[in-house]
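Please read the structure below before turning to the comments.
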Amino acid sequence: MDGAAHSDSAQMPTAHFTAKLAIWWLIGSEIMIFGGLIGSFILFRLARPQWAEMAHHLSVPIGSFNTLILLTSSYTMVRAFVSSGRRDRTATCWNLLVTALLGLTFLCVKGYEYAGKFSHGYYPNAGLFWAFYFTMTGLHALHVLIGIIAILILFVFGLRDRLWPIASRVEFTGLYWHFVDVVWIFLFPLLYLTS
Amino acid sequence: MFNNLPQNISTYGADIDGILYLIYAIVGFFFVTMEGYLVYAVVRYRRREGVRAVYQTGETWREMRWVVGLVAVVVFLDFLIDFRGADTWAKVKQDFPSGDVEILVKAKQFAWTFVYPGADGQFDTKDDLTVPRILHVPVHRKIRLTLTSEDVIHSFCLPEVRLKQDILPGRRTPAWFEVTRTGTFSLVCAELCGLGHTKMLGVLEVHDDSGYERWLAETAKEMFE
Amino acid sequence: MTNDPHGPQKFIWKYILSTDHKMIAKQYLLTGLVMALVGAFTAYLMRWQLGYPNTNAPGWGLVTPDKFNMLVTMHGTIMVFFVGMPLLVAALSNFVIPLQIGARDMAFPRLNMLSYWIFVLSCVALLASFFVPGGAPAGGWTGYPPLSASEQYTGVHWGMVLWITALALEFASFTMGGINYLATFMCLRVPGMTYFRVPMATWFLIGASLAFFFSVGPLIAGAVMLLLDNVAGTGFYIPAQGGEPLLWQHLFWFFGHPEVYVIFLPAVGCVLEILPVFSRKPIFGYRAIVWSMGAALALSYIVWAHHMFISGMNPRLATPFSITTILISVPFAVIIFCMLASLRQGSIRLDTPMLWGLGFLATFLIGGLTGIFLGSASADIYLHDTYFVVAHFHYTFFPSVFFGGFAGIYFWYPKLFGRRYNETLGKIHFWMTFIFFNATFWPIFRVGAGGMLRRIADPTQYRILDQFKEMNSMISVAAFILILGQVPFVWNFFWSMFRGPAADANPWRAGTLEWLAPSPPPHGNWGPGLPTVYVGPYEYSRPDMADDFVPQYRPVGVLGGPAGQA
Ligand code: HEA
Ligand code: HEA
Ligand code: CUA
Ligand SMILES: [Cu+2]
């Protein structure tokens, strides 16, 4: 607090720190968005026990499988970060690629689930539960997609050996990817396991 | 500012007006003294040759003590307003007396309909009376309303009664009032509800007891014959 | 860091796709002012219909009820989100924060440019709604569903969709902006610029960004749901489909109340910046003010239901929300008392920026105090949705956006454009605005207390309003003159930009860092070396110095500045 004593405490932080701070602020705002959606869902859900019936139509095995996929991808993302720290190009590229592929797998499974729901007539306008289901998972899938694109861009940079100047982006993308993962950890039990 | 309030015709209207005047007195005091000081300071401390401003940062408790004192006054007045207001609020919106007369209010784009339970005192029976636009009530009786809407949010507003209550579709919202004077008063929709919002007007018709009975009987006769 | 004054730039890079924070600030400024013209035009049409019901408005024609609803909606939306936000939050943050903390630019200049262009896109989306089939949105600026959730209720489909899209884009833009301002503030302060030496304008702009940042998320989620209701047939807010209309109101006002402070705080910051300069006194109670702002911010998240007292929510919630709402008077009381105390025993000069600053104080006080009537739930039973509320929020918004905003524009004009504006025109502009603003909105309190409701397209329908016929016409005339009163500004603004006398670096003899940079500051702001900060921002008239101010960048030996001391 004491200005005179700390007058040079305002040392300029590094660009790396600044960027990381920005990612955290971004995640903060995303938490507020998903928080709003999830909070609304919980309030509705508590007032509507009959939704348990509909949650029944969601496949817990498929959901669990997808959860596993995402968790694994978070692990490979960490591996990518660690390898990039060691400047190990091969390992970084491989881990990035596997992460992206796992993300794609997640999306494909999600698409398969959506198709199944559509074929039974459960569209977003088929009642509020489905409206929430599609909005929440859809918004999440959008975030997964953005994450995959970011990771693939890093992967391409890695292939061309141009990754090291922007190596800190592996860390930032990783932070974002973990966040997307955590959102799913909330969505999965809320939607699938409340029957 | 409040000398052109519409006349008050309800039992609780005076309480609400009382709060308005109480707050008016409190904030009026701050308004006058602070605007006054602002003008005074600007005139009194205008820049003059050779007069230097006084260096004062307000960083010590000594310099801040009058601010602290005033803030204590503000906090006290805030709670005064809260307590007076809470009583009135509870009276109007929380502690519903059992009604002498029960009426169902139906709002839709852009019209009011009022349903009276009829002779058997029960809703949803054959002798219910359905009356468009005009809300007939007896004077000096507790009127208990159930407000419903078919489409969007409307707001049931009787300015002279000092009553306003939004009506949510898909819900039954309670409200009550008691009028102290006979006559014809306004009933308006206070929430933007679409194209015809302006024209969603009704009438509050307050009868004396015998007049009300007569009106009920006549309406029943008209409806069922 | 962008430190490279790379020679003469191409037009497009200099003026359109610039990443220089000062150019982006000017872009926001101009966009906001142009939108203000549109907002003023909608106000003119509404006031015409209210003052001279059912006659042709010159230059437009008859304002029918459907048009009136669209005008109210567009007026509110434009003034709040497309005038208040770009002028007070974006233009000021972009211009002032880096200059006051000694940065060369924003932390992320390209993100900055991107957020401006997303903002432009959202303006286009909103204005386009005037031209699509069905017309502009007509659900009020608060867009309460079910009215706003389905074409069957308003008759407007594309307009509504565009409205939500425009808001979503705007929120995205200001979220990016917010990240940038916060990161810049936290990471790019020059050595010596400790948190308690940061000038007030920067503090309050950061407060505004924080208020925005932590309240907008839930509304983004809410907007997604409203959009889906409109286009995908979901029923989040439609009871017939199991939805809940009140959900929107909670999400909207959880954001909406902090949002009014998002626009209000930067104005307070500007005025706090101006008061010491023109009264040659330190700001009174720097720390008390900063802490009060923090307290007001914290409280602003737990007052939202004061907009919903009679919405049909649980009535037991009203009293708690009343208490928190009215308690907000405490931090603002501290701030306003400190502002008045900063004048005491000063040496006051009434230049144009100071006039606007004092005008802000005088008018906002009325707006703040009338908020107390509305904050009391039982008084709000009567006042809710009347013109009393309309007067309250014009007495808070207008001082913020225009008195505070013009205070800032005139104050930093020399720094923005390197030229001086014309004082006489500036003063004429002030007095026209001050007089006719009060002449417009003071009577609106009276018609509101008399029972006139908001958002009514045709006052002749109401018997209780017959007595206000003349007053309504007078209000309208005053409003028209208020709008005309802006002509001196427009002239002054553009003429002085090219023809005004050149301004030197520190025309007001002020102590904060931006006045160290040349006017206008070059790309990179500071030349080769960054300044260092030694004292607090408002060291005016120190008894131990001959000069009547000590700029932040001047070493004063062991003295230190009281504002920088414990
Ligand atoms: C910049 C904008 C701004 C600001 C700063 C404020 C500030 C405040 N507002 Fe306002 N308000 C709006 C913009 C703003 N408002 C808008 C746009 C709406 C309507 C939205 C819509 O429906 O369309 C609205 C509506 C609104 C309502 C809902 C009314 C209704 O719809 O029925 C309420 C109710 O509580 C309210 C209260 C307050 C309070 C208590 C403050 C406080 O922050 C004021 C605090 C300041 C002071 C009190 C003055 C300083 C203190 C003193 C001098 C000490 C002495 C005071 C006492 C002893 C009490 N406002
Ligand atoms: C910042 C907010 C703001 C501002 C400044 C204003 C300004 C004005 N408003 Fe507005 N108003 C709102 C926000 C604002 N309003 C909101 C939120 C609503 C509620 C909407 C709803 O209910 O949904 C509302 C509603 C509202 C109503 C109620 C409508 C109704 O409920 O039926 C009325 C009626 O009189 C009104 C009138 C005016 C007038 C006459 C002005 C005048 O003060 C306007 C004067 C114009 C200017 C001062 C602009 C000057 C232009 C420039 C300076 C540009 C210069 C240009 C260049 C340099 C290129 N407004
Ligand atoms: Cu019904 Cu307005
Ligand atoms: Cu509010």
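Going through the structure tokens in order, the chains are called A, B, and so on, while each chain numbers its residues from 1 and the ligands are numbered from 1 in the order shown.
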Residue list for chain B near chain C as an NGL selection string, 6 Å, only C-alpha atoms:
:B and (1 or 4-6 or 16 or 27 or 45-47 or 53-55 or 57-59 or 85-86 or 89 or 152 or 162 or 164-166 or 170 or 194-195 or 198)
Using only C-alpha atoms, determine which residues of chain C fall within 7 Å of chain A; present them as a PyMOL selection string.
chain C and resi 179+183+187-194+196+213-214+217-218+220-221+232-236+241-243+560+564-566
Using the chain letters and numbers from this document, which residues of range 54-194 of chain B does DSSP assign to helix (DSSP H, G or I), as number ranges by chain?
B: 61-94, 159-161
Selection above as a file: N, CA, C and O atoms, as a CSV table (one decimal), in the first residue's frame:
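Everything below was put into part.csv:
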```csv
chain,number,residue,atom,x,y,z
B,61,TRP,N,-8.0,11.0,9.0
B,61,TRP,CA,-9.3,10.9,9.6
B,61,TRP,C,-9.8,12.2,10.1
B,61,TRP,O,-11.0,12.5,10.1
B,62,ARG,N,-8.8,13.1,10.6
B,62,ARG,CA,-9.2,14.4,11.0
B,62,ARG,C,-10.0,15.2,9.9
B,62,ARG,O,-11.0,15.8,10.2
B,63,GLU,N,-9.3,15.2,8.8
B,63,GLU,CA,-9.9,15.9,7.7
B,63,GLU,C,-11.3,15.3,7.2
B,63,GLU,O,-12.1,15.9,6.7
B,64,MET,N,-11.3,14.0,7.4
B,64,MET,CA,-12.5,13.2,6.9
B,64,MET,C,-13.6,13.2,7.9
B,64,MET,O,-14.7,12.6,7.6
B,65,ARG,N,-13.5,13.7,9.1
B,65,ARG,CA,-14.5,13.4,10.1
B,65,ARG,C,-15.9,13.9,9.7
B,65,ARG,O,-16.8,13.2,10.0
B,66,TRP,N,-15.9,15.1,9.1
B,66,TRP,CA,-17.3,15.5,8.7
B,66,TRP,C,-17.9,14.6,7.7
B,66,TRP,O,-19.1,14.4,7.7
B,67,VAL,N,-17.1,14.0,6.8
B,67,VAL,CA,-17.7,13.1,5.8
B,67,VAL,C,-18.2,11.9,6.6
B,67,VAL,O,-19.4,11.4,6.4
B,68,VAL,N,-17.4,11.4,7.5
B,68,VAL,CA,-17.9,10.2,8.3
B,68,VAL,C,-19.2,10.5,9.0
B,68,VAL,O,-20.1,9.8,9.1
B,69,GLY,N,-19.2,11.7,9.6
B,69,GLY,CA,-20.4,12.1,10.4
B,69,GLY,C,-21.6,12.1,9.4
B,69,GLY,O,-22.7,11.6,9.7
B,70,LEU,N,-21.5,12.8,8.3
B,70,LEU,CA,-22.6,12.8,7.3
B,70,LEU,C,-23.0,11.5,6.9
B,70,LEU,O,-24.2,11.2,6.7
B,71,VAL,N,-22.0,10.6,6.7
B,71,VAL,CA,-22.3,9.3,6.2
B,71,VAL,C,-23.2,8.5,7.3
B,71,VAL,O,-24.1,7.8,6.9
B,72,ALA,N,-22.8,8.7,8.5
B,72,ALA,CA,-23.6,8.1,9.6
B,72,ALA,C,-25.1,8.6,9.5
B,72,ALA,O,-26.0,7.8,9.6
B,73,VAL,N,-25.2,9.9,9.2
B,73,VAL,CA,-26.6,10.4,9.1
B,73,VAL,C,-27.3,9.7,7.9
B,73,VAL,O,-28.4,9.3,8.0
B,74,VAL,N,-26.6,9.6,6.8
B,74,VAL,CA,-27.2,9.0,5.6
B,74,VAL,C,-27.6,7.6,5.9
B,74,VAL,O,-28.7,7.1,5.6
B,75,VAL,N,-26.7,6.8,6.6
B,75,VAL,CA,-27.1,5.4,6.9
B,75,VAL,C,-28.3,5.4,7.8
B,75,VAL,O,-29.2,4.6,7.5
B,76,PHE,N,-28.4,6.3,8.8
B,76,PHE,CA,-29.5,6.3,9.6
B,76,PHE,C,-30.8,6.6,8.8
B,76,PHE,O,-31.8,5.9,8.9
B,77,LEU,N,-30.7,7.6,7.9
B,77,LEU,CA,-31.9,7.9,7.1
B,77,LEU,C,-32.3,6.8,6.2
B,77,LEU,O,-33.5,6.5,6.0
B,78,ASP,N,-31.3,6.1,5.6
B,78,ASP,CA,-31.5,5.0,4.7
B,78,ASP,C,-32.4,4.0,5.5
B,78,ASP,O,-33.4,3.5,4.9
B,79,PHE,N,-32.0,3.6,6.7
B,79,PHE,CA,-32.8,2.6,7.4
B,79,PHE,C,-34.1,3.1,7.8
B,79,PHE,O,-35.1,2.3,7.9
B,80,LEU,N,-34.2,4.4,8.1
B,80,LEU,CA,-35.5,5.0,8.4
B,80,LEU,C,-36.5,4.7,7.2
B,80,LEU,O,-37.6,4.2,7.4
B,81,ILE,N,-36.0,5.0,6.0
B,81,ILE,CA,-36.8,4.8,4.8
B,81,ILE,C,-37.1,3.3,4.7
B,81,ILE,O,-38.3,3.0,4.4
B,82,ASP,N,-36.1,2.5,4.9
B,82,ASP,CA,-36.4,1.0,4.7
B,82,ASP,C,-37.5,0.5,5.7
B,82,ASP,O,-38.3,-0.2,5.3
B,83,PHE,N,-37.4,1.0,7.0
B,83,PHE,CA,-38.3,0.4,7.9
B,83,PHE,C,-39.8,0.9,7.6
B,83,PHE,O,-40.7,0.1,7.6
B,84,ARG,N,-39.9,2.2,7.4
B,84,ARG,CA,-41.2,2.7,7.0
B,84,ARG,C,-41.7,2.0,5.8
B,84,ARG,O,-42.9,1.6,5.7
B,85,GLY,N,-40.9,1.9,4.8
B,85,GLY,CA,-41.3,1.3,3.6
B,85,GLY,C,-41.7,-0.2,3.7
B,85,GLY,O,-42.6,-0.7,3.1
B,86,ALA,N,-40.9,-0.9,4.5
B,86,ALA,CA,-41.2,-2.4,4.7
B,86,ALA,C,-42.6,-2.6,5.2
B,86,ALA,O,-43.3,-3.5,4.7
B,87,ASP,N,-43.0,-1.8,6.2
B,87,ASP,CA,-44.4,-2.0,6.7
B,87,ASP,C,-45.4,-1.9,5.6
B,87,ASP,O,-46.3,-2.7,5.5
B,88,THR,N,-45.3,-0.8,4.9
B,88,THR,CA,-46.3,-0.5,3.9
B,88,THR,C,-46.3,-1.6,2.8
B,88,THR,O,-47.3,-2.0,2.3
B,89,TRP,N,-45.1,-2.0,2.4
B,89,TRP,CA,-45.0,-3.0,1.4
B,89,TRP,C,-45.7,-4.3,1.9
B,89,TRP,O,-46.4,-4.9,1.2
B,90,ALA,N,-45.4,-4.7,3.1
B,90,ALA,CA,-46.0,-5.9,3.6
B,90,ALA,C,-47.5,-5.8,3.6
B,90,ALA,O,-48.3,-6.7,3.2
B,91,LYS,N,-48.0,-4.6,3.9
B,91,LYS,CA,-49.5,-4.4,4.0
B,91,LYS,C,-50.1,-4.5,2.6
B,91,LYS,O,-51.1,-5.2,2.4
B,92,VAL,N,-49.4,-4.0,1.6
B,92,VAL,CA,-50.0,-4.0,0.2
B,92,VAL,C,-49.7,-5.3,-0.5
B,92,VAL,O,-50.6,-5.8,-1.1
B,93,LYS,N,-48.5,-5.9,-0.3
B,93,LYS,CA,-48.2,-7.0,-1.2
B,93,LYS,C,-48.0,-8.3,-0.5
B,93,LYS,O,-47.8,-9.3,-1.2
B,94,GLN,N,-47.9,-8.3,0.8
B,94,GLN,CA,-47.6,-9.6,1.5
B,94,GLN,C,-48.7,-10.2,2.3
B,94,GLN,O,-49.1,-11.3,2.1
B,159,PRO,N,-54.1,3.9,-10.8
B,159,PRO,CA,-53.3,5.0,-10.2
B,159,PRO,C,-54.0,5.6,-8.9
B,159,PRO,O,-53.2,5.8,-8.0
B,160,GLU,N,-55.3,5.7,-8.9
B,160,GLU,CA,-55.9,6.4,-7.8
B,160,GLU,C,-55.9,5.5,-6.5
B,160,GLU,O,-55.9,6.0,-5.4
B,161,VAL,N,-55.8,4.2,-6.8
B,161,VAL,CA,-55.7,3.2,-5.7
B,161,VAL,C,-54.3,3.0,-5.2
B,161,VAL,O,-54.0,2.5,-4.1
```
Check which residues fall inside 7 Å of ligand 2 when counting only C-alpha atoms and all ligand atoms, and print them as a ChimeraX atom specification.
/C:30,33-34,36-37,39-40,43-44,46-47,72-73,75-77,79-80,83-84,140-142,390,394,397-398,401-402,437,440,454-457,479,482-483,486,489-490,493
Shell of 9 Å around ligand 4 (only C-alpha atoms and all ligand atoms), written as a ChimeraX atom specification
/C:253-254,256-261,300,303-307,325,371,375
re CA of Ala52 in chain A and CA of Leu190 in chain A: distance 10.6 Å
Distance limit 7 Å, reference ligand 3, atoms considered: only C-alpha atoms and all ligand atoms. Which residues make the cut? Give them as a PyMOL selection string.
chain B and resi 108-110+153-155+189-194+197-198+200
Which residues, written as an mmCIF file with all heavy atoms, in the first residue's frame, have at least one atom at most 12 Å from Phe494 in chain C, with only C-alpha atoms counted and residues fewer than 5 positions away on the same chain left out?
```cif
data_model
loop_
_atom_site.group_PDB
_atom_site.id
_atom_site.type_symbol
_atom_site.label_atom_id
_atom_site.label_comp_id
_atom_site.auth_asym_id
_atom_site.auth_seq_id
_atom_site.Cartn_x
_atom_site.Cartn_y
_atom_site.Cartn_z
ATOM 1 N N LEU C 30 -16.184 9.013 -32.737
ATOM 2 C CA LEU C 30 -16.990 9.453 -33.870
ATOM 3 C C LEU C 30 -18.193 8.544 -34.072
ATOM 4 O O LEU C 30 -19.319 9.022 -34.301
ATOM 5 C CB LEU C 30 -16.116 9.469 -35.131
ATOM 6 C CG LEU C 30 -16.497 10.595 -36.075
ATOM 7 C CD1 LEU C 30 -16.229 11.938 -35.412
ATOM 8 C CD2 LEU C 30 -15.698 10.477 -37.365
ATOM 9 N N TYR C 413 -9.698 17.404 -25.453
ATOM 10 C CA TYR C 413 -9.695 17.803 -26.867
ATOM 11 C C TYR C 413 -8.309 18.215 -27.351
ATOM 12 O O TYR C 413 -7.850 17.748 -28.401
ATOM 13 C CB TYR C 413 -10.701 18.941 -27.090
ATOM 14 C CG TYR C 413 -10.993 19.205 -28.539
ATOM 15 C CD1 TYR C 413 -12.046 18.572 -29.170
ATOM 16 C CD2 TYR C 413 -10.197 20.067 -29.283
ATOM 17 C CE1 TYR C 413 -12.311 18.790 -30.507
ATOM 18 C CE2 TYR C 413 -10.448 20.292 -30.618
ATOM 19 C CZ TYR C 413 -11.500 19.652 -31.223
ATOM 20 O OH TYR C 413 -11.750 19.862 -32.546
ATOM 21 N N PHE C 417 -6.585 16.114 -30.473
ATOM 22 C CA PHE C 417 -6.417 16.606 -31.831
ATOM 23 C C PHE C 417 -5.270 17.593 -31.969
ATOM 24 O O PHE C 417 -5.009 18.075 -33.063
ATOM 25 C CB PHE C 417 -7.718 17.266 -32.312
ATOM 26 C CG PHE C 417 -8.871 16.296 -32.311
ATOM 27 C CD1 PHE C 417 -9.895 16.404 -31.389
ATOM 28 C CD2 PHE C 417 -8.905 15.257 -33.228
ATOM 29 C CE1 PHE C 417 -10.937 15.506 -31.387
ATOM 30 C CE2 PHE C 417 -9.953 14.354 -33.235
ATOM 31 C CZ PHE C 417 -10.974 14.473 -32.308
ATOM 32 N N ARG C 419 -5.224 20.560 -31.094
ATOM 33 C CA ARG C 419 -5.704 21.924 -31.314
ATOM 34 C C ARG C 419 -6.663 22.328 -30.210
ATOM 35 O O ARG C 419 -7.223 21.481 -29.527
ATOM 36 C CB ARG C 419 -6.406 22.029 -32.661
ATOM 37 C CG ARG C 419 -5.444 21.843 -33.800
ATOM 38 C CD ARG C 419 -6.128 21.985 -35.111
ATOM 39 N NE ARG C 419 -5.184 21.712 -36.191
ATOM 40 C CZ ARG C 419 -4.425 22.643 -36.741
ATOM 41 N NH1 ARG C 419 -4.494 23.892 -36.332
ATOM 42 N NH2 ARG C 419 -3.580 22.324 -37.709
ATOM 43 N N ARG C 420 -6.827 23.657 -30.051
ATOM 44 C CA ARG C 420 -7.753 24.139 -29.037
ATOM 45 C C ARG C 420 -9.109 24.328 -29.666
ATOM 46 O O ARG C 420 -9.229 24.813 -30.773
ATOM 47 C CB ARG C 420 -7.297 25.496 -28.475
ATOM 48 C CG ARG C 420 -5.875 25.555 -28.013
ATOM 49 C CD ARG C 420 -5.634 24.874 -26.701
ATOM 50 N NE ARG C 420 -6.644 25.164 -25.699
ATOM 51 C CZ ARG C 420 -6.394 25.783 -24.554
ATOM 52 N NH1 ARG C 420 -5.190 26.202 -24.290
ATOM 53 N NH2 ARG C 420 -7.349 25.969 -23.675
ATOM 54 N N TYR C 421 -10.150 23.983 -28.902
ATOM 55 C CA TYR C 421 -11.508 24.286 -29.369
ATOM 56 C C TYR C 421 -11.803 25.736 -29.022
ATOM 57 O O TYR C 421 -11.049 26.396 -28.298
ATOM 58 C CB TYR C 421 -12.521 23.359 -28.705
ATOM 59 C CG TYR C 421 -12.483 23.449 -27.201
ATOM 60 C CD1 TYR C 421 -13.183 24.460 -26.544
ATOM 61 C CD2 TYR C 421 -11.714 22.579 -26.444
ATOM 62 C CE1 TYR C 421 -13.111 24.589 -25.177
ATOM 63 C CE2 TYR C 421 -11.639 22.705 -25.074
ATOM 64 C CZ TYR C 421 -12.344 23.708 -24.448
ATOM 65 O OH TYR C 421 -12.270 23.859 -23.100
ATOM 66 N N ASN C 422 -12.942 26.218 -29.465
ATOM 67 C CA ASN C 422 -13.322 27.601 -29.195
ATOM 68 C C ASN C 422 -14.075 27.692 -27.879
ATOM 69 O O ASN C 422 -15.151 27.110 -27.719
ATOM 70 C CB ASN C 422 -14.188 28.093 -30.357
ATOM 71 C CG ASN C 422 -14.612 29.525 -30.171
ATOM 72 O OD1 ASN C 422 -15.217 29.870 -29.161
ATOM 73 N ND2 ASN C 422 -14.279 30.359 -31.130
ATOM 74 N N VAL C 487 -25.761 21.969 -31.930
ATOM 75 C CA VAL C 487 -25.148 22.457 -33.168
ATOM 76 C C VAL C 487 -23.819 23.169 -32.893
ATOM 77 O O VAL C 487 -22.825 22.894 -33.577
ATOM 78 C CB VAL C 487 -26.133 23.352 -33.946
ATOM 79 C CG1 VAL C 487 -25.446 24.002 -35.131
ATOM 80 C CG2 VAL C 487 -27.319 22.506 -34.409
ATOM 81 N N PRO C 488 -23.754 24.068 -31.885
ATOM 82 C CA PRO C 488 -22.461 24.706 -31.622
ATOM 83 C C PRO C 488 -21.359 23.690 -31.375
ATOM 84 O O PRO C 488 -20.209 23.897 -31.767
ATOM 85 C CB PRO C 488 -22.709 25.530 -30.349
ATOM 86 C CG PRO C 488 -24.161 25.623 -30.187
ATOM 87 C CD PRO C 488 -24.815 24.562 -31.008
ATOM 88 N N PHE C 489 -21.731 22.583 -30.745
ATOM 89 C CA PHE C 489 -20.721 21.555 -30.480
ATOM 90 C C PHE C 489 -20.218 20.938 -31.777
ATOM 91 O O PHE C 489 -19.012 20.831 -31.992
ATOM 92 C CB PHE C 489 -21.286 20.468 -29.574
ATOM 93 C CG PHE C 489 -20.427 19.237 -29.501
ATOM 94 C CD1 PHE C 489 -19.213 19.271 -28.843
ATOM 95 C CD2 PHE C 489 -20.816 18.065 -30.119
ATOM 96 C CE1 PHE C 489 -18.405 18.159 -28.793
ATOM 97 C CE2 PHE C 489 -20.011 16.945 -30.080
ATOM 98 C CZ PHE C 489 -18.797 16.987 -29.409
ATOM 99 N N ARG C 499 -8.990 23.847 -37.849
ATOM 100 C CA ARG C 499 -8.641 25.250 -37.858
ATOM 101 C C ARG C 499 -8.291 25.815 -36.488
ATOM 102 O O ARG C 499 -7.868 26.961 -36.394
ATOM 103 C CB ARG C 499 -9.819 26.072 -38.427
ATOM 104 C CG ARG C 499 -10.117 25.773 -39.861
ATOM 105 C CD ARG C 499 -9.063 26.424 -40.765
ATOM 106 N NE ARG C 499 -8.981 25.741 -42.038
ATOM 107 C CZ ARG C 499 -9.861 25.907 -43.013
ATOM 108 N NH1 ARG C 499 -10.849 26.753 -42.873
ATOM 109 N NH2 ARG C 499 -9.750 25.228 -44.135
ATOM 110 N N GLY C 500 -8.525 25.048 -35.442
ATOM 111 C CA GLY C 500 -8.285 25.594 -34.111
ATOM 112 C C GLY C 500 -6.810 25.937 -33.919
ATOM 113 O O GLY C 500 -5.944 25.388 -34.607
#
```
